[in-house]
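The block underneath contains the structure these notes are about, expressed in structure tokens.
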Amino acid sequence: MKAAELLQALVAIPSVSGDEGRIADTVSAWAEGWGARVQRKGHNVWFSVGSGPRRLLVNSHLDTVKPCAGWTYAPHAPEWREDRLYGLGSNDAKGCVAGMLLTARALLTEGAPTGGEVVFAFTAEEETGGQGLGTMLSELGPLDAAIVGEPTGLKPCTAQRGMLLLRCTAHGRSGHVAHAHSTPALNAIHLAAGDISVLSELRFPSHPLLGEARAQVTQISGGLARNQVPDKCEFFVDLRTTPAMDHAAVAQQVAGALKSEVQVHSARYLPKATGAQQPIVRAAVAASGAEPVGSSTTSDWAFLGDLPAVKVGPGDTLRSHQADEYLTRAELEAGAAFYTRLVRGYFEEVARG
């Protein structure tokens, strides 16, 4: 099966987060047909190629978001038009999956890198943070480095933003609106508005690849009736953090600046960065010919702890989660060749010390 056919087959299988069974079965069958010993946990699929003291994880996700409004092509009936494959997940991230599968096939056919083992893992629920890579890392055994497949235009991403979600609650005192200025009533929505203004002025340390982080209020709710002074107003703050920011310290900083009560809603998507001296970064730069970049989006890299990693793959992140998502034939073929160079180059970098 050629690259274009393989990607088309992947995109033709609906695999919205939580419903990856069919695509996991397909990937398993292909890998077993190439001679791999496949393992499964839920809808997560993995197998190893080669053996040796160093172990490299090569990972991307099988799931997609739900199709949004505005598609002019059928999201699950992919078709090539002028060397573009239109279909849900073609860019995010089945182009990466296809490129990695083709690399696995090449290694199984031509031989694995000397002195190393490559662990290919195609995982579920990346888009929802559910039963995916974070739940099965212990099954993979010790790892020395990782490649995370996401559309980056084949530019090696060595820094990734984290995500800190805060739930803020302004507490006031209820009363009749007609008497609001002559009673102890205290408008919680007004208090929240003041805090939101404060948030817009907060500044955090800048990062050389990611720039600065800014707090964004994404949801707000408050008030019980149009003629009653509200005694409670709740709003959520989304902060896309950089590796220079500690989530606990940032939450404390925000709490100290606001009158509202501040609680951490989610802090598990930690920011990530890998130093330029790491073999995986040196190999990625050599394989791509591009200097490292930063990424504003989160990915399964967030669950890899301190493991040296790069996030890289064919496609354009700006096409992700959009109507008429596509990947070009040139991007697909370049991605497959790139992953093969990167995998072999990593073990060469390790051997050079």
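Chain labels A, B, ... are given in the sequence in which chains occur in the structure tokens; within each chain residues are numbered consecutively from 1, and ligands are likewise numbered from 1 in the order shown.
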
Write out as a list in words the residues lying within 7 Å of A:Pro271, counting only C-alpha atoms and excluding same-chain residues fewer than 5 positions away.
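Close residues of A:Pro271: Gln160, Arg161, Gly162, Thr241, Thr242, Pro243 and Ala302 of chain A.
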
Find the spatial neighbours of stretch 262-267 of chain A, counting only C-alpha atoms, within a cut-off of 12 Å - ignore same-chain residues fewer than 2 positions away - and output them as a PDB file with C-alpha atoms, in the first residue's frame.
```pdb
ATOM      1  CA  GLY A 129      -7.291  13.674  27.502  1.00  0.00           C
ATOM      2  CA  GLY A 162       0.847  23.855  29.180  1.00  0.00           C
ATOM      3  CA  MET A 163      -2.717  24.555  30.242  1.00  0.00           C
ATOM      4  CA  LEU A 164      -3.799  25.826  33.654  1.00  0.00           C
ATOM      5  CA  LEU A 165      -7.532  26.204  34.199  1.00  0.00           C
ATOM      6  CA  LEU A 166      -8.740  28.234  37.172  1.00  0.00           C
ATOM      7  CA  ARG A 167     -12.286  28.496  38.503  1.00  0.00           C
ATOM      8  CA  CYS A 168     -12.866  31.875  40.103  1.00  0.00           C
ATOM      9  CA  THR A 169     -15.879  32.757  42.226  1.00  0.00           C
ATOM     10  CA  ALA A 170     -16.842  36.275  43.225  1.00  0.00           C
ATOM     11  CA  HIS A 171     -19.014  36.370  46.365  1.00  0.00           C
ATOM     12  CA  ALA A 192     -16.010  39.670  38.944  1.00  0.00           C
ATOM     13  CA  ASP A 195     -11.161  40.975  38.740  1.00  0.00           C
ATOM     14  CA  GLU A 234     -18.269  32.317  38.543  1.00  0.00           C
ATOM     15  CA  PHE A 235     -15.768  32.598  35.720  1.00  0.00           C
ATOM     16  CA  PHE A 236     -13.111  30.321  34.262  1.00  0.00           C
ATOM     17  CA  VAL A 237      -9.595  31.413  33.372  1.00  0.00           C
ATOM     18  CA  ASP A 238      -7.487  29.573  30.789  1.00  0.00           C
ATOM     19  CA  LEU A 239      -3.744  30.215  31.015  1.00  0.00           C
ATOM     20  CA  ARG A 240      -1.515  28.629  28.373  1.00  0.00           C
ATOM     21  CA  THR A 241       1.648  28.392  30.410  1.00  0.00           C
ATOM     22  CA  MET A 245       5.900  28.976  34.827  1.00  0.00           C
ATOM     23  CA  ASP A 246       5.093  26.678  37.753  1.00  0.00           C
ATOM     24  CA  HIS A 247       1.369  25.940  37.850  1.00  0.00           C
ATOM     25  CA  ALA A 248       1.034  26.024  41.640  1.00  0.00           C
ATOM     26  CA  ALA A 249       2.959  29.293  41.895  1.00  0.00           C
ATOM     27  CA  VAL A 250       0.934  30.892  39.092  1.00  0.00           C
ATOM     28  CA  ALA A 251      -2.353  29.887  40.721  1.00  0.00           C
ATOM     29  CA  GLN A 252      -1.146  31.453  43.963  1.00  0.00           C
ATOM     30  CA  GLN A 253      -0.106  34.622  42.127  1.00  0.00           C
ATOM     31  CA  VAL A 254      -3.529  34.949  40.507  1.00  0.00           C
ATOM     32  CA  ALA A 255      -5.303  34.307  43.809  1.00  0.00           C
ATOM     33  CA  GLY A 256      -3.267  37.058  45.449  1.00  0.00           C
ATOM     34  CA  ALA A 257      -4.236  39.556  42.743  1.00  0.00           C
ATOM     35  CA  LEU A 258      -8.012  38.941  42.757  1.00  0.00           C
ATOM     36  CA  LYS A 259     -10.846  39.523  45.211  1.00  0.00           C
ATOM     37  CA  SER A 260     -12.585  36.397  43.916  1.00  0.00           C
ATOM     38  CA  TYR A 269      -1.240  19.632  31.113  1.00  0.00           C
ATOM     39  CA  LEU A 270       2.227  20.822  32.070  1.00  0.00           C
ATOM     40  CA  PRO A 271       4.399  22.964  29.783  1.00  0.00           C
ATOM     41  CA  ALA A 302       2.281  16.681  28.403  1.00  0.00           C
ATOM     42  CA  PHE A 303       2.139  13.156  29.862  1.00  0.00           C
TER      43      PHE A 303
END
```

Among stretch 43-147 of chain A, which ones does DSSP place in alpha helix (DSSP H), written as a ChimeraX atom specification?
/A:95-110,137-140

May I ask which of the residues A:His181, A:Lys155, A:His43, A:Arg226 is the closest one to A:Thr317, counting only C-alpha atoms?
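Ranking A:His181, A:Lys155, A:His43, A:Arg226 by distance to A:Thr317, first place goes to A:Lys155.
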
Across A:Leu304, A:Ala323, A:Arg268, A:Ala334, the smallest distance to A:Ala287, with only C-alpha atoms counted, is shown by A:Ala334
